[in-house]
>>> print(open('input_15.tsv').read())   # TSV, C-alpha atoms and all ligand atoms
chain	number	residue	atom	x	y	z
A	581	MET	CA	83.12	74.58	135.29
A	582	ASN	CA	86.43	74.13	137.05
A	583	LEU	CA	89.06	76.09	135.18
A	584	GLY	CA	91.84	75.39	137.63
A	585	GLY	CA	94.58	72.89	136.84
A	586	PRO	CA	98.09	71.74	137.57
A	587	SER	CA	99.64	73.29	134.45
A	588	SER	CA	101.60	75.82	136.46
A	589	MET	CA	103.35	73.15	138.54
A	590	GLU	CA	106.90	72.12	137.82
A	591	PRO	CA	107.42	68.54	136.61
A	592	GLY	CA	108.71	66.39	139.43
A	593	ALA	CA	107.11	68.54	142.11
A	594	SER	CA	105.31	66.76	144.94
A	595	CYS	CA	101.62	66.72	144.05
A	596	GLU	CA	99.12	64.27	145.57
A	597	GLY	CA	96.72	63.08	142.89
A	598	CYS	CA	98.68	64.63	140.01
A	599	PRO	CA	99.58	62.76	136.80
A	600	ARG	CA	102.77	61.03	135.74
A	601	SER	CA	104.65	64.11	134.67
A	602	LEU	CA	104.14	65.66	138.10
A	603	LEU	CA	104.61	62.55	140.19
A	604	GLY	CA	107.46	60.58	138.78
A	605	GLU	CA	107.08	57.17	137.10
A	606	ASP	CA	106.58	54.94	140.17
A	607	ARG	CA	103.86	57.03	141.77
A	608	PHE	CA	102.14	57.68	138.42
A	609	TYR	CA	101.75	54.00	137.61
A	610	ALA	CA	100.69	53.26	141.18
A	611	LEU	CA	98.00	55.95	140.84
A	612	ARG	CA	96.90	54.58	137.43
A	613	ALA	CA	96.53	51.12	138.93
A	614	HIS	CA	94.59	52.59	141.84
A	615	VAL	CA	92.18	54.42	139.52
A	616	ASP	CA	91.80	51.50	137.09
A	617	ALA	CA	90.81	49.20	139.94
A	618	ARG	CA	87.72	51.35	140.45
A	619	VAL	CA	86.67	51.14	136.78
A	620	PRO	CA	85.56	47.66	135.70
A	621	ALA	CA	86.32	46.72	132.12
A	622	GLY	CA	83.35	47.09	129.85
A	623	VAL	CA	81.71	50.10	131.47
A	624	VAL	CA	81.50	53.74	130.30
A	625	ARG	CA	81.98	56.10	133.19
A	626	ARG	CA	83.70	59.24	134.36
A	627	LEU	CA	86.61	58.87	136.76
A	628	LEU	CA	86.94	60.78	139.99
A	629	PRO	CA	90.39	61.69	141.25
A	630	GLY	CA	91.33	59.83	144.41
A	631	PRO	CA	94.20	59.49	146.82
A	632	ALA	CA	97.39	57.96	145.51
A	633	PRO	CA	98.65	54.75	147.10
A	634	SER	CA	101.04	55.24	149.95
A	635	GLU	CA	104.78	55.24	149.55
A	636	VAL	CA	104.75	51.98	151.49
A	637	GLU	CA	102.84	50.32	148.62
A	638	VAL	CA	105.28	51.67	146.04
A	639	ASP	CA	108.27	50.56	148.04
A	640	GLU	CA	106.75	47.09	148.40
A	641	ALA	CA	106.41	46.84	144.62
A	642	LYS	CA	110.08	47.76	144.24
A	643	ARG	CA	111.07	45.16	146.82
A	644	ASN	CA	109.07	42.46	145.01
A	645	THR	CA	110.75	43.32	141.71
A	646	LEU	CA	114.19	43.01	143.30
A	647	LYS	CA	113.19	39.65	144.76
A	648	LEU	CA	112.18	38.39	141.31
A	649	VAL	CA	115.45	39.54	139.78
A	650	ALA	CA	117.46	37.91	142.56
A	651	ILE	CA	115.58	34.60	142.25
A	652	GLY	CA	115.84	34.67	138.46
A	653	GLY	CA	119.56	35.33	138.67
A	654	ALA	CA	119.99	32.35	140.92
A	655	VAL	CA	118.11	30.17	138.46
A	656	ALA	CA	120.29	31.41	135.61
A	657	LEU	CA	123.49	30.70	137.52
A	658	GLY	CA	122.26	27.26	138.48
A	659	THR	CA	121.36	26.20	134.97
A	660	GLY	CA	123.63	28.38	132.90
A	661	GLY	CA	120.59	29.46	130.92
A	662	LEU	CA	120.47	33.20	130.33
A	663	ALA	CA	117.43	32.82	128.09
A	664	SER	CA	115.45	31.09	130.81
A	665	PHE	CA	116.39	33.87	133.23
A	666	LEU	CA	115.15	36.51	130.84
A	667	ARG	CA	111.87	34.66	130.34
A	668	PHE	CA	111.50	34.50	134.11
A	669	ALA	CA	112.35	38.16	134.76
A	670	VAL	CA	110.60	39.73	131.76
A	671	PRO	CA	107.05	38.42	131.24
A	672	PRO	CA	105.91	38.47	127.62
A	673	PRO	CA	103.63	41.40	126.76
A	674	ALA	CA	99.95	40.60	127.06
A	675	GLY	CA	97.25	41.99	124.82
A	676	SER	CA	95.36	40.91	121.75
A	677	SER	CA	96.20	40.15	118.12
A	678	THR	CA	93.04	41.79	116.79
A	679	TYR	CA	90.70	44.54	117.90
A	680	PRO	CA	87.66	43.16	119.70
A	681	LYS	CA	84.12	44.28	118.96
A	682	VAL	CA	82.61	45.44	122.25
A	683	GLN	CA	79.26	47.03	122.99
A	684	LEU	CA	79.33	50.20	125.07
A	685	LEU	CA	77.07	50.57	128.10
A	686	TYR	CA	76.48	53.46	130.49
A	687	ASP	CA	77.80	53.14	134.03
A	688	ASP	CA	74.33	51.98	135.15
A	689	GLY	CA	74.58	49.02	132.78
A	690	THR	CA	72.04	50.21	130.21
A	691	PRO	CA	73.10	50.25	126.54
A	692	VAL	CA	74.33	53.45	124.97
A	693	LEU	CA	71.70	54.31	122.31
A	694	VAL	CA	73.39	56.38	119.66
A	695	SER	CA	70.39	58.46	118.58
A	696	LYS	CA	69.64	59.23	122.24
A	697	TYR	CA	73.15	59.75	123.59
A	698	ARG	CA	72.80	61.36	127.01
A	699	HIS	CA	75.48	64.03	126.60
A	700	SER	CA	75.11	66.90	124.17
A	701	ALA	CA	77.85	68.70	122.23
A	702	SER	CA	77.78	71.51	124.81
A	703	ASP	CA	78.32	69.14	127.75
A	704	ASN	CA	81.90	68.90	129.01
A	705	ALA	CA	81.11	65.86	131.16
A	706	LEU	CA	83.99	63.41	130.82
A	707	ILE	CA	82.64	60.02	129.69
A	708	VAL	CA	85.39	57.41	129.73
A	709	PHE	CA	85.55	53.76	128.73
A	710	ASN	CA	88.44	51.32	128.48
A	711	TYR	CA	89.41	49.93	125.05
A	712	PRO	CA	91.06	47.83	123.66
A	713	LEU	CA	92.91	47.11	126.91
A	714	SER	CA	91.39	47.19	130.36
A	715	ASP	CA	93.67	50.03	131.54
A	716	GLU	CA	93.42	52.28	128.47
A	717	PRO	CA	90.76	55.00	128.88
A	718	ASN	CA	89.04	56.70	125.95
A	719	MET	CA	86.56	59.57	125.93
A	720	LEU	CA	83.19	59.38	124.20
A	721	ILE	CA	82.25	62.76	122.69
A	722	GLN	CA	79.19	64.21	120.99
A	723	LEU	CA	80.48	66.88	118.59
A	724	PRO	CA	78.33	69.73	117.27
A	725	ASN	CA	78.88	68.67	113.64
A	726	SER	CA	79.80	65.63	111.58
A	727	ALA	CA	83.42	64.57	111.88
A	728	PRO	CA	85.76	61.92	110.45
A	729	GLY	CA	84.83	58.57	111.97
A	730	GLY	CA	81.65	60.02	113.48
A	731	VAL	CA	78.60	57.78	113.85
A	732	GLY	CA	74.94	58.42	114.51
A	733	PRO	CA	72.24	60.44	112.73
A	734	SER	CA	74.60	63.43	112.42
A	735	GLN	CA	77.81	61.40	112.18
A	736	SER	CA	79.01	63.37	115.18
A	737	LEU	CA	79.56	60.79	117.94
A	738	VAL	CA	83.29	60.07	118.22
A	739	ALA	CA	85.78	58.55	120.66
A	740	PHE	CA	89.44	59.32	121.27
A	741	SER	CA	92.17	58.04	123.53
A	742	ALA	CA	92.08	59.77	126.91
A	743	ILE	CA	95.84	59.35	127.34
A	744	CYS	CA	97.78	62.41	126.17
A	745	GLN	CA	100.30	61.61	123.46
A	746	HIS	CA	102.89	63.92	125.03
A	747	LEU	CA	103.74	62.31	128.38
A	748	GLY	CA	100.63	60.28	129.08
A	749	CYS	CA	98.44	62.43	131.32
A	750	ALA	CA	95.02	60.83	131.77
A	751	PRO	CA	91.57	62.08	132.88
A	752	PRO	CA	90.61	64.39	134.49
A	753	TYR	CA	93.61	66.33	133.11
A	754	ILE	CA	92.83	65.66	129.43
A	755	SER	CA	89.24	66.30	128.35
A	756	TYR	CA	86.78	67.67	125.80
A	757	TYR	CA	86.16	71.42	125.62
A	758	PRO	CA	82.80	72.23	123.99
A	759	ALA	CA	82.53	74.97	121.39
A	760	GLY	CA	82.57	78.41	123.01
A	761	THR	CA	84.41	77.26	126.16
A	762	CYS	CA	87.56	79.10	125.10
A	763	PRO	CA	86.54	81.74	122.50
A	764	SER	CA	90.11	82.84	121.79
A	765	PHE	CA	91.40	79.34	120.98
A	766	ASN	CA	90.74	77.28	117.83
A	767	GLY	CA	88.31	79.94	116.61
A	768	GLY	CA	86.00	79.12	119.50
A	769	LYS	CA	85.39	75.62	118.11
A	770	ALA	CA	85.43	72.44	120.19
A	771	PHE	CA	88.77	70.81	120.99
A	772	ILE	CA	90.52	68.33	123.29
A	773	HIS	CA	93.11	69.76	125.69
A	774	CYS	CA	95.58	68.43	128.25
A	775	VAL	CA	96.31	70.82	131.11
A	776	CYS	CA	99.54	69.04	132.11
A	777	HIS	CA	101.67	70.88	129.54
A	778	GLY	CA	99.16	72.39	127.12
A	779	SER	CA	98.82	69.92	124.23
A	780	SER	CA	95.59	70.30	122.23
A	781	TYR	CA	93.91	68.22	119.57
A	782	ASP	CA	91.10	68.81	117.05
A	783	PRO	CA	88.48	66.02	117.27
A	784	SER	CA	86.79	67.35	114.11
A	785	SER	CA	89.70	66.69	111.77
A	786	SER	CA	91.76	63.63	111.03
A	787	ALA	CA	95.54	63.59	110.71
A	788	SER	CA	97.33	61.72	107.96
A	789	GLY	CA	97.41	58.15	109.22
A	790	GLY	CA	94.50	58.75	111.57
A	791	GLY	CA	93.92	60.38	114.94
A	792	ALA	CA	92.94	63.90	115.98
A	793	VAL	CA	95.04	66.67	114.43
A	794	ILE	CA	97.44	68.49	116.77
A	795	LEU	CA	96.38	72.08	117.51
A	796	SER	CA	99.16	72.92	119.96
A	797	GLY	CA	102.21	71.20	121.41
A	798	PRO	CA	104.32	70.01	123.02
A	799	THR	CA	102.84	66.74	121.74
A	800	GLN	CA	104.17	65.66	118.37
A	801	SER	CA	101.73	62.83	117.86
A	802	PRO	CA	98.01	62.93	116.91
A	803	LEU	CA	95.52	61.56	119.42
A	804	PRO	CA	94.46	57.98	118.53
A	805	GLN	CA	90.79	57.62	117.55
A	806	VAL	CA	88.55	54.70	118.48
A	807	THR	CA	86.62	53.31	115.52
A	808	LEU	CA	82.94	53.21	116.45
A	809	MET	CA	80.15	51.18	114.84
A	810	TRP	CA	76.46	52.08	115.02
A	811	ASP	CA	73.95	49.25	114.64
A	812	GLN	CA	70.95	51.13	113.27
A	813	THR	CA	68.59	48.22	113.88
A	814	THR	CA	69.16	48.28	117.64
A	815	ASP	CA	70.69	51.79	118.01
A	816	TYR	CA	73.53	50.13	119.97
A	817	LEU	CA	77.08	51.46	119.90
A	818	TYR	CA	80.23	49.33	119.51
A	819	ALA	CA	83.97	49.97	119.64
A	820	VAL	CA	85.69	47.94	116.93
A	821	GLY	CA	89.21	49.34	116.49
A	822	VAL	CA	91.67	52.20	116.92
A	823	VAL	CA	93.30	54.30	114.20
A	824	GLY	CA	96.28	56.61	114.40
A	825	PRO	CA	99.60	56.20	116.20
A	826	PRO	CA	100.00	53.74	119.08
A	827	VAL	CA	98.60	54.97	122.38
A	828	LYS	CA	101.31	56.69	124.45
A	829	GLY	CA	103.42	54.18	126.32
A	830	HIS	CA	102.73	51.30	123.90
A	831	THR	CA	104.61	50.01	120.88
A	832	SER	CA	101.22	48.76	119.71
A	833	THR	CA	97.80	49.83	120.97
A	834	LEU	CA	96.90	46.14	121.20
A	835	VAL	CA	99.84	45.13	123.39
A	836	GLY	CA	100.79	45.83	126.98
A	837	GLY	CA	97.76	44.86	129.04
A	838	THR	CA	94.66	42.74	129.25
A	839	ALA	CA	92.16	42.95	126.40
A	840	VAL	CA	88.63	44.05	127.34
A	841	THR	CA	85.70	41.76	126.74
A	842	SER	CA	82.22	42.77	125.63
A	843	PRO	CA	80.32	44.65	126.84
A	844	VAL	CA	82.30	47.60	128.18
A	845	GLN	CA	80.72	50.05	130.61
A	846	THR	CA	81.58	53.72	130.74
A	847	ALA	CA	82.71	55.27	133.99
A	848	PRO	CA	80.31	57.52	135.91
A	849	PRO	CA	80.36	61.02	134.40
A	850	GLN	CA	83.31	63.02	135.72
A	851	THR	CA	83.91	66.76	135.94
A	852	PRO	CA	87.25	67.37	134.21
A	853	THR	CA	90.04	69.70	135.25
A	854	GLN	CA	89.96	72.40	132.57
A	855	GLN	CA	91.97	75.50	131.81
A	856	CYS	CA	91.82	77.41	128.55
A	857	PRO	CA	95.03	77.30	126.48
A	858	THR	CA	96.91	80.59	126.33
B	1	LIG	FE1	102.14	66.85	128.46
B	1	LIG	FE2	99.61	66.20	128.04
B	1	LIG	S1	101.12	65.07	129.10
B	1	LIG	S2	100.63	67.97	127.44
>>> encode(input="input_15.tsv", output="structure tokens", more="lines below")
Ligand code: FES
Amino acid sequence: MNLGGPSSMEPGASCEGCPRSLLGEDRFYALRAHVDARVPAGVVRRLLPGPAPSEVEVDEAKRNTLKLVAIGGAVALGTGGLASFLRFAVPPPAGSSTYPKVQLLYDDGTPVLVSKYRHSASDNALIVFNYPLSDEPNMLIQLPNSAPGGVGPSQSLVAFSAICQHLGCAPPYISYYPAGTCPSFNGGKAFIHCVCHGSSYDPSSSASGGGAVILSGPTQSPLPQVTLMWDQTTDYLYAVGVVGPPVKGHTSTLVGGTAVTSPVQTAPPQTPTQQCPT
């Protein structure tokens, strides 16, 4: 297990492949877009870290934005219509009005069968799928015991947002730590931890209003939980909603991107970057 991580780095420091808090906003979102492009909507998989887009790509995006603003300004001056300029320059947020019901598949395209889930409670493999938007990763976790919102024979299969509620670090920096991984933290029980700045969440307990309870800061918001549904006649697994606060970076978990369509595949299993909390 890799117990190294970027937690000792100063925010804003140059760090190829590091998350938003270590890269700055432009490079973080460019990296997110780069990673998302490798993960088709509707598939459960683990993500592998890859090279960030070049500065040239980022600069090009900035140039295109300035072009849009300049053209929109010209339109506004020509027509005297500020409202039309704003509609041109600020696209309406995309998303969905309701949570879709999507079946979850493994990265090889076969259905996830709940009673035969491939990853045990002692496996720290990072299994990620996008929901409800195509750029919003969640982690699918088999816990050792029943938990709020858990499905399956032991009511222990759960899913949580894989975007940290502090500053938005994503996999592999936020991940599931099986029981016994860090004996001196959380009584040795399983937890979710983000190595960017040390926020931790308890996937076995539900906060008031939903989401995983905070075990350690700096986050001040519980981790949103995906509502799962188990069809016992087929053993298939579905994602049908999200409870808890909005996913970090969104005013609503349903708004700000493109809604996934069924089925959704997980990413290939990924080895997370892990470091026990101190
Ligand atoms: Fe700061 Fe996760 S982004 S702790």
>>> closest_residue(input="input_15.tsv", among="A:Ala819, A:Val806, A:Ala750, A:Leu713", to="ligand LIG 1 (chain B)", atoms="only C-alpha atoms and all ligand atoms")
A:Ala750
>>> residues_around(input="input_15.tsv", residues="Ser784 in chain A", least_positions_apart="6", cutoff="9 Å", atoms="all atoms listed in the file", output="count of residues only")
11
>>> residues_near_ligand(input="input_15.tsv", ligand="ligand LIG 1 (chain B)", cutoff="6 Å", atoms="all atoms listed in the file", output="ChimeraX atom specification")
/A:744,746-749,774,776-779
>>> atom_distance(input="input_15.tsv", atom1="CA of Ser700 in chain A", atom2="CA of Phe740 in chain A")
16.5 Å
>>> residues_around(input="input_15.tsv", residues="Phe765 in chain A", least_positions_apart="5", cutoff="10 Å", atoms="all atoms listed in the file", output="list in words")
Ala759, Gly760, Ala770, Phe771, Leu795, Cys856, Pro857 and Thr858 of chain A
>>> atom_distance(input="input_15.tsv", atom1="CA of Tyr697 in chain A", atom2="CA of Thr761 in chain A")
21.0 Å
>>> residues_around(input="input_15.tsv", residues="Pro733 in chain A", least_positions_apart="2", cutoff="10 Å", atoms="all atoms listed in the file", output="list in words")
Val694, Ser695, Lys696, Ser726, Gly730, Val731, Gln735, Ser736, Leu737, Trp810 and Gln812 of chain A
>>> atom_distance(input="input_15.tsv", atom1="CA of Pro752 in chain A", atom2="CA of Gly732 in chain A")
26.1 Å
>>> closest_residue(input="input_15.tsv", among="A:Ser832, A:Gln683, A:Thr678, A:Thr851", to="Tyr818 in chain A", atoms="all atoms listed in the file")
A:Gln683
>>> closest_residue(input="input_15.tsv", among="A:Ile743, A:Tyr781, A:Cys762, A:Arg698", to="Thr833 in chain A", atoms="all atoms listed in the file")
A:Ile743
>>> residues_around(input="input_15.tsv", residues="Ser676 in chain A", least_positions_apart="6", cutoff="8 Å", atoms="all atoms listed in the file", output="compact mmCIF listing (two decimals) with C-alpha atoms, in the coordinates of the input")
# COMPACT_ATOMS: atom_id res chain seq x y z
CA LEU A 834 96.90 46.14 121.20
CA VAL A 835 99.84 45.13 123.39
CA THR A 838 94.66 42.74 129.25
CA ALA A 839 92.16 42.95 126.40
>>> residues_around(input="input_15.tsv", residues="Ala701 in chain A", least_positions_apart="5", cutoff="7 Å", atoms="all atoms listed in the file", output="PyMOL selection string")
chain A and resi 722-724+758
>>> write_last_selection(input="input_15.tsv", atoms="C-alpha atoms", output="PDB file, in the frame of the given file")
ATOM      1  CA  GLN A 722      79.190  64.210 120.990  1.00  0.00           C
ATOM      2  CA  LEU A 723      80.480  66.880 118.590  1.00  0.00           C
ATOM      3  CA  PRO A 724      78.330  69.730 117.270  1.00  0.00           C
ATOM      4  CA  PRO A 758      82.800  72.230 123.990  1.00  0.00           C
TER       5      PRO A 758
END
